[in-house]
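Input: a single structure, listed below in structure tokens.
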Amino acid sequence: MATSVRQHRISAMENDRMRSAAELLLRARRNGTPFPELPVGLRPHTLEEAYAIQDIMGLAMEPIGGWKVGAPAPDATPLYGPMPLLGGYAETGQKISKHMRRMRGVEAEIAFRLGSDLPVRAEAYTREEVVAAIASAHPAIELLESAYVDPDKVDRLSMIGDLQMNGGFVYGAAYADWKNADLTQEQVTVSIDGAVRFEGTATNTAGTDLLRLVTWLANQGQERTGGLNAGDWITTGSWSGKALANQGSSVTVRFSHFGEIGIWFE
């Protein structure tokens, strides 16, 4: 595992801006002191700059345990970002510590764990090669945190720069028959403290071809990932949208075939 991130090649002046933005975001997350939005002069103007902020934050929070990748539509270009281990990784059934917790947001996801490396190379990986590199597939919860008081009210690039709200990762037991799963029929329910907060079928905005996202990450994403490594986790977009829990809350995510994950927040 222990993937590292590569910083984007942007001008020294812009890199200073992005570094200053990243420092503000990191401080707010670490101290639990969110702010409404980045100062105008530090906001990213392009996706490249937003990714540069992500990469600076990722380096500060290394090691990286994997990558989140998703898309707003089945035919849209994916967005991606690092998932630092410092955000908090856990297995189903575990307690999520209070460290760097404020929002306590959760999203239901399906995640893949790599069993072999997909290093940087000039020739594109085929879908078959990517599938062969995957060791297992799991139900998962992406834990959401943000440096912003309300991340829904900041501009899109500023939200992307803040690790796209990634604040950790929880995984359940592997689903053995994942290669034959019909995700168009996959149902998901998210419950917090016993109350159903989301229920739906085939609700991932990226569509149900999740291997498209992983293959894209292995190829177009390698400039930033530096290649994918055995042990890396890859999450593939939300099936539920964001739901917010509270300190002391219990959360259960149940997929109809992929299985169930349960956690509680300290």
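Identifiers for the structure tokens are assigned positionally: chains receive A, B, ... in sequence, residues are indexed from 1 per chain, and ligands are indexed from 1 in the order shown.
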
Pick out each residue of region 6-238 of chain A that DSSP on the backbone tags as strand (DSSP E or B); I need them as JSON, numbers by chain.
-> {"A": [35, 64, 65, 66, 67, 68, 69, 70, 79, 80, 81, 82, 83, 84, 89, 90, 91, 95, 96, 105, 106, 107, 108, 109, 110, 111, 112, 113, 114, 118, 134, 135, 136, 137, 138, 139, 140, 141, 142, 143, 144, 148, 166, 167, 168, 169, 170, 171, 187, 188, 189, 190, 191, 192, 195, 196, 197, 198, 199, 200, 201, 228, 233, 234, 235]}

List every residue of region 61-147 of chain A that has an atom at most 7 Å from any atom of region 233-245 of chain A, giving for each one its closest atom pair and the distance in Å to one decimal, counting only C-alpha atoms, sorted by chain and then by ascending residue number, as a tab-separated table.
```
residue	atom	partner	partner_atom	distance
A:Gly65	CA	A:Trp233	CA	6.3
A:Gly66	CA	A:Trp233	CA	4.4
A:Trp67	CA	A:Ile234	CA	5.0
A:Lys68	CA	A:Thr235	CA	4.7
A:Val69	CA	A:Thr236	CA	5.1
A:Gly70	CA	A:Gly237	CA	4.4
A:Met103	CA	A:Leu244	CA	6.6
A:Arg104	CA	A:Ala245	CA	5.3
A:Gly105	CA	A:Leu244	CA	4.4
A:Val106	CA	A:Ala243	CA	5.4
A:Glu107	CA	A:Lys242	CA	5.4
A:Ala108	CA	A:Trp239	CA	5.4
A:Glu109	CA	A:Ser238	CA	5.1
A:Ile110	CA	A:Thr236	CA	6.1
A:Ala111	CA	A:Thr235	CA	4.3
A:Phe112	CA	A:Ile234	CA	5.2
A:Arg113	CA	A:Trp233	CA	4.6
A:Leu114	CA	A:Trp233	CA	6.6
```

Distance criterion (only C-alpha atoms): nearest to Asp193 (chain A) out of A:Val131, A:Ile263, A:Met159, A:Ala173 |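 The closest residue to Asp193 (chain A) is A:Ile263.
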
Within 8 Å of Ala50 (chain A) using only C-alpha atoms, minus same-chain residues under 3 positions, as an MDAnalysis selection string = chainID A and resid 18 44:47 53:54 157:158 160:161

Considering only C-alpha atoms, return as JSON, numbers by chain whatever protein or nucleic-acid residues lie within 10 Å of Thr126 (chain A), sequence-local ones (same chain, fewer than 4 positions apart) excluded.
-> {"A": [130, 131, 132, 215, 216, 218, 219]}

Name the residues in contact with region 174-178 of chain A at a cut-off of 12 Å, using only C-alpha atoms, excluding same-chain residues fewer than 5 positions from it; report them as a count of residues only.
-> 25

Which value, in Å to one decimal, gives the distance between CA of Ala90 (chain A) and CA of Val214 (chain A)?
->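 According to the coordinates, CA of Ala90 (chain A) and CA of Val214 (chain A) are separated by 21.8 Å.
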
Apply DSSP to the backbone of this structure and, from region 18-149 of chain A, keep only the residues in helix (DSSP H, G or I); write these as a PyMOL selection string.
-> chain A and resi 18-31+40-42+47-60+85-87+127-133

So, counting only C-alpha atoms, which residue among A:Ile56, A:Ile141, A:Ala133, A:Leu86 is closest to Tyr171 (chain A)?
->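 Looking at the shortest contact to Tyr171 (chain A), the residue is A:Ile141.
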